[in-house]
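Worksheet: the structure to be examined is printed underneath.
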Amino acid sequence: MEIVVDDLSGPEIAGFLAEHVEEMRSLTPLESKHALDLDDLRKPDVTFWSVYEDGVLVGCGALKALDAEHAELKSMRTNTARKRSGIASTLLEHILAEARRMGFTRISLETGSAEFFRPARRLYEKYGFTYCAPFADYRLDPHSVYLTRTL
């Protein structure tokens with residue numbers, strides 16, 4: 001497995017992220033969808049990683065700086081055919097290590113409250129994330145849960 005910083009210029013990752021946004025739209029009301037689009041993921045305060053296995057794109061994730069010490073985990077996605085194969089765990093470990101290296105002391109995230117998102121919530125809990133109040137610009141939303149952890 002290879003995890004690389006991605007500038008999001010390739011059509012493969014653009015398609016992969018478009019599928020992600022469409023899936024989120026099918027599960028969550030538009031006002032509760034917080035997935036970033038390509039332009040937002042290309043901003044200088046975001047680092048984006050793609051995961052490849054044998055040259056095939058199998059996952060992605062991003063880290064958005066909120067301030068000098070606090071970052072937000074964004075756009076974690078695994079190829080549907082490869083879910084529950086360890087890709088998300090490997091990528092999350094990589095992102096946590098990179099966040100530490102970048103000097104962040106806290107990482108927070110927003111994910112869905114629906115049953116569909118239960119495996120993601122379990123993954124984050126396994127890595128020490130705990131439930132918290134909304135952070136940054138988020139507001140209480142019945143379709144969202146918020147998690148955080150220190151590094």
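How things are named: the first chain in the structure tokens is A, the next is B, and so on; residues count from 1 in each chain; ligands count from 1 in the order shown.
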Nearby residues (only C-alpha atoms) at most 12 Å from Val56 (chain A), same-chain spacing under 5 positions excluded, as number ranges by chain: A: 1-3, 12-13, 16, 50-51, 78-79, 82
Per-residue DSSP, region 53-138 of chain A, filtered to helix (DSSP H, G or I), as an mmCIF file with C-alpha atoms, in the first residue's frame:
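So part-v4.cif came out as:
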data_model
loop_
_atom_site.group_PDB
_atom_site.id
_atom_site.type_symbol
_atom_site.label_atom_id
_atom_site.label_comp_id
_atom_site.auth_asym_id
_atom_site.auth_seq_id
_atom_site.Cartn_x
_atom_site.Cartn_y
_atom_site.Cartn_z
ATOM 1 C CA THR A 80 -16.600 0.377 -1.644
ATOM 2 C CA ALA A 81 -15.205 -2.974 -2.785
ATOM 3 C CA ARG A 82 -12.306 -2.631 -0.300
ATOM 4 C CA ILE A 87 -7.155 0.646 4.330
ATOM 5 C CA ALA A 88 -8.926 3.183 6.554
ATOM 6 C CA SER A 89 -6.939 2.116 9.630
ATOM 7 C CA THR A 90 -3.630 2.375 7.782
ATOM 8 C CA LEU A 91 -4.546 5.783 6.370
ATOM 9 C CA LEU A 92 -5.812 7.089 9.711
ATOM 10 C CA GLU A 93 -2.562 6.021 11.419
ATOM 11 C CA HIS A 94 -0.623 7.818 8.679
ATOM 12 C CA ILE A 95 -2.678 11.008 9.026
ATOM 13 C CA LEU A 96 -2.350 11.003 12.829
ATOM 14 C CA ALA A 97 1.441 10.639 12.523
ATOM 15 C CA GLU A 98 1.603 13.414 9.913
ATOM 16 C CA ALA A 99 -0.581 15.681 12.077
ATOM 17 C CA ARG A 100 1.845 15.206 14.980
ATOM 18 C CA ARG A 101 4.773 15.936 12.663
ATOM 19 C CA GLU A 115 -26.453 3.668 10.841
ATOM 20 C CA PHE A 116 -24.478 3.811 7.568
ATOM 21 C CA PHE A 117 -21.731 5.712 9.417
ATOM 22 C CA ARG A 118 -21.484 3.286 12.373
ATOM 23 C CA PRO A 119 -18.334 1.533 11.001
ATOM 24 C CA ALA A 120 -16.621 4.927 10.636
ATOM 25 C CA ARG A 121 -17.582 5.913 14.182
ATOM 26 C CA ARG A 122 -16.225 2.594 15.489
ATOM 27 C CA LEU A 123 -12.952 3.170 13.647
ATOM 28 C CA TYR A 124 -12.532 6.623 15.160
ATOM 29 C CA GLU A 125 -13.417 5.336 18.644
ATOM 30 C CA LYS A 126 -10.794 2.580 18.240
#
Contacts of region 63-75 of chain A within 7 Å, only C-alpha atoms, excl. fewer than 2 positions in-chain, as a list in words: Ala35, Asp45, Val46, Thr47, Phe48, Cys60, Gly61, Arg77, Gly103, Phe104, Thr105, Arg106, Ile107, Ser108 and Leu109 of chain A
Selected residues written out with all heavy atoms, as an mmCIF file, in the first residue's frame:
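Output file part.cif follows:
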data_model
loop_
_atom_site.group_PDB
_atom_site.id
_atom_site.type_symbol
_atom_site.label_atom_id
_atom_site.label_comp_id
_atom_site.auth_asym_id
_atom_site.auth_seq_id
_atom_site.Cartn_x
_atom_site.Cartn_y
_atom_site.Cartn_z
ATOM 1 N N ALA A 35 -19.032 17.443 3.269
ATOM 2 C CA ALA A 35 -17.906 17.010 2.436
ATOM 3 C C ALA A 35 -17.407 18.194 1.616
ATOM 4 O O ALA A 35 -18.198 18.957 1.060
ATOM 5 C CB ALA A 35 -18.340 15.866 1.514
ATOM 6 N N ASP A 45 -4.657 25.339 3.294
ATOM 7 C CA ASP A 45 -4.774 24.834 4.666
ATOM 8 C C ASP A 45 -5.175 23.363 4.723
ATOM 9 O O ASP A 45 -5.417 22.824 5.804
ATOM 10 C CB ASP A 45 -5.757 25.686 5.481
ATOM 11 C CG ASP A 45 -7.168 25.699 4.912
ATOM 12 O OD1 ASP A 45 -7.373 25.261 3.753
ATOM 13 O OD2 ASP A 45 -8.087 26.152 5.624
ATOM 14 N N VAL A 46 -5.206 22.690 3.568
ATOM 15 C CA VAL A 46 -5.601 21.280 3.488
ATOM 16 C C VAL A 46 -4.450 20.461 2.901
ATOM 17 O O VAL A 46 -3.853 20.850 1.902
ATOM 18 C CB VAL A 46 -6.862 21.093 2.613
ATOM 19 C CG1 VAL A 46 -7.214 19.623 2.459
ATOM 20 C CG2 VAL A 46 -8.043 21.871 3.192
ATOM 21 N N THR A 47 -4.161 19.337 3.546
ATOM 22 C CA THR A 47 -3.244 18.339 2.990
ATOM 23 C C THR A 47 -4.098 17.126 2.654
ATOM 24 O O THR A 47 -4.864 16.653 3.493
ATOM 25 C CB THR A 47 -2.145 17.952 3.999
ATOM 26 O OG1 THR A 47 -1.444 19.134 4.386
ATOM 27 C CG2 THR A 47 -1.170 16.955 3.383
ATOM 28 N N PHE A 48 -3.957 16.638 1.440
ATOM 29 C CA PHE A 48 -4.794 15.536 0.948
ATOM 30 C C PHE A 48 -3.898 14.357 0.565
ATOM 31 O O PHE A 48 -2.881 14.535 -0.098
ATOM 32 C CB PHE A 48 -5.586 16.001 -0.281
ATOM 33 C CG PHE A 48 -6.597 15.001 -0.730
ATOM 34 C CD1 PHE A 48 -7.898 15.050 -0.267
ATOM 35 C CD2 PHE A 48 -6.252 13.980 -1.611
ATOM 36 C CE1 PHE A 48 -8.836 14.111 -0.661
ATOM 37 C CE2 PHE A 48 -7.170 13.042 -2.014
ATOM 38 C CZ PHE A 48 -8.470 13.104 -1.535
ATOM 39 N N CYS A 60 -8.751 7.602 0.374
ATOM 40 C CA CYS A 60 -8.246 8.965 0.487
ATOM 41 C C CYS A 60 -8.625 9.548 1.835
ATOM 42 O O CYS A 60 -9.494 9.021 2.539
ATOM 43 C CB CYS A 60 -8.782 9.846 -0.639
ATOM 44 S SG CYS A 60 -10.568 10.112 -0.595
ATOM 45 N N GLY A 61 -7.972 10.633 2.173
ATOM 46 C CA GLY A 61 -8.262 11.363 3.398
ATOM 47 C C GLY A 61 -7.525 12.679 3.387
ATOM 48 O O GLY A 61 -6.566 12.855 2.641
ATOM 49 N N ARG A 77 -12.300 8.207 2.887
ATOM 50 C CA ARG A 77 -13.123 7.328 2.055
ATOM 51 C C ARG A 77 -12.299 6.131 1.623
ATOM 52 O O ARG A 77 -11.120 6.267 1.304
ATOM 53 C CB ARG A 77 -13.622 8.064 0.822
ATOM 54 C CG ARG A 77 -14.507 7.191 -0.066
ATOM 55 C CD ARG A 77 -15.228 8.018 -1.120
ATOM 56 N NE ARG A 77 -16.314 7.259 -1.694
ATOM 57 C CZ ARG A 77 -16.224 6.533 -2.813
ATOM 58 N NH1 ARG A 77 -15.086 6.489 -3.471
ATOM 59 N NH2 ARG A 77 -17.261 5.879 -3.279
ATOM 60 N N GLY A 103 2.806 19.467 13.910
ATOM 61 C CA GLY A 103 2.696 20.269 15.119
ATOM 62 C C GLY A 103 1.298 20.390 15.699
ATOM 63 O O GLY A 103 1.095 21.119 16.676
ATOM 64 N N PHE A 104 0.347 19.700 15.138
ATOM 65 C CA PHE A 104 -1.010 19.747 15.692
ATOM 66 C C PHE A 104 -1.056 18.957 17.000
ATOM 67 O O PHE A 104 -0.364 17.947 17.155
ATOM 68 C CB PHE A 104 -2.031 19.181 14.703
ATOM 69 C CG PHE A 104 -2.182 20.011 13.461
ATOM 70 C CD1 PHE A 104 -1.739 19.543 12.234
ATOM 71 C CD2 PHE A 104 -2.750 21.281 13.522
ATOM 72 C CE1 PHE A 104 -1.865 20.311 11.082
ATOM 73 C CE2 PHE A 104 -2.874 22.064 12.374
ATOM 74 C CZ PHE A 104 -2.431 21.577 11.161
ATOM 75 N N THR A 105 -1.881 19.426 17.926
ATOM 76 C CA THR A 105 -2.041 18.726 19.198
ATOM 77 C C THR A 105 -3.460 18.168 19.362
ATOM 78 O O THR A 105 -3.724 17.434 20.304
ATOM 79 C CB THR A 105 -1.733 19.658 20.384
ATOM 80 O OG1 THR A 105 -2.617 20.795 20.337
ATOM 81 C CG2 THR A 105 -0.276 20.107 20.345
ATOM 82 N N ARG A 106 -4.360 18.531 18.464
ATOM 83 C CA ARG A 106 -5.737 18.041 18.508
ATOM 84 C C ARG A 106 -6.251 17.842 17.087
ATOM 85 O O ARG A 106 -5.964 18.635 16.199
ATOM 86 C CB ARG A 106 -6.640 19.033 19.232
ATOM 87 C CG ARG A 106 -8.129 18.662 19.181
ATOM 88 C CD ARG A 106 -8.988 19.445 20.159
ATOM 89 N NE ARG A 106 -8.607 19.217 21.531
ATOM 90 C CZ ARG A 106 -8.902 18.123 22.238
ATOM 91 N NH1 ARG A 106 -9.593 17.152 21.696
ATOM 92 N NH2 ARG A 106 -8.505 18.005 23.487
ATOM 93 N N ILE A 107 -7.009 16.748 16.910
ATOM 94 C CA ILE A 107 -7.712 16.498 15.648
ATOM 95 C C ILE A 107 -9.173 16.255 15.982
ATOM 96 O O ILE A 107 -9.494 15.502 16.905
ATOM 97 C CB ILE A 107 -7.144 15.285 14.897
ATOM 98 C CG1 ILE A 107 -5.731 15.557 14.429
ATOM 99 C CG2 ILE A 107 -8.024 14.939 13.709
ATOM 100 C CD1 ILE A 107 -5.148 14.470 13.580
ATOM 101 N N SER A 108 -10.052 16.890 15.223
ATOM 102 C CA SER A 108 -11.485 16.708 15.385
ATOM 103 C C SER A 108 -12.078 16.316 14.038
ATOM 104 O O SER A 108 -11.432 16.469 12.992
ATOM 105 C CB SER A 108 -12.139 17.998 15.891
ATOM 106 O OG SER A 108 -11.589 18.369 17.134
ATOM 107 N N LEU A 109 -13.290 15.816 14.078
ATOM 108 C CA LEU A 109 -13.970 15.435 12.839
ATOM 109 C C LEU A 109 -15.469 15.465 13.024
ATOM 110 O O LEU A 109 -15.981 15.413 14.144
ATOM 111 C CB LEU A 109 -13.524 14.041 12.375
ATOM 112 C CG LEU A 109 -13.872 12.857 13.273
ATOM 113 C CD1 LEU A 109 -15.170 12.191 12.838
ATOM 114 C CD2 LEU A 109 -12.747 11.844 13.246
#
Point-to-point distance in Å for CA of Lys83 (chain A) and CA of Thr28 (chain A): 20.1 Å
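Proximity to Asp141 (chain A) was assessed for A:Asp7, A:Glu22, A:Asp37, A:Glu110 counting only C-alpha atoms; the smallest distance is recorded for A:Glu110.
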Filtered DSSP result for chain A, state strand (DSSP E), as a ChimeraX atom specification: /A:2-5,46-53,56-65,70-78,106-112,130-132,144-150
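The spacing separating CA of His34 (chain A) from CA of Met76 (chain A) amounts to 12.1 Å.
Considering the residues A:Tyr127, A:Gly86, A:Gly10, A:Thr111 and counting only C-alpha atoms, Tyr146 (chain A) has its shortest atom-to-atom contact with A:Thr111.
CA of Trp49 (chain A) is positioned 20.2 Å from CA of Thr148 (chain A).
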Distance query Arg139 (chain A) at most 12 Å, only C-alpha atoms, self and fewer than 4 positions along chain excluded, as a ChimeraX atom specification: /A:31-32,34,110,132-135,143-146
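With only C-alpha atoms as the atoms that count, the minimum distance from Ser113 (chain A) to the choices A:Val5, A:Arg149, A:Tyr131, A:Pro142 is reached by A:Pro142.
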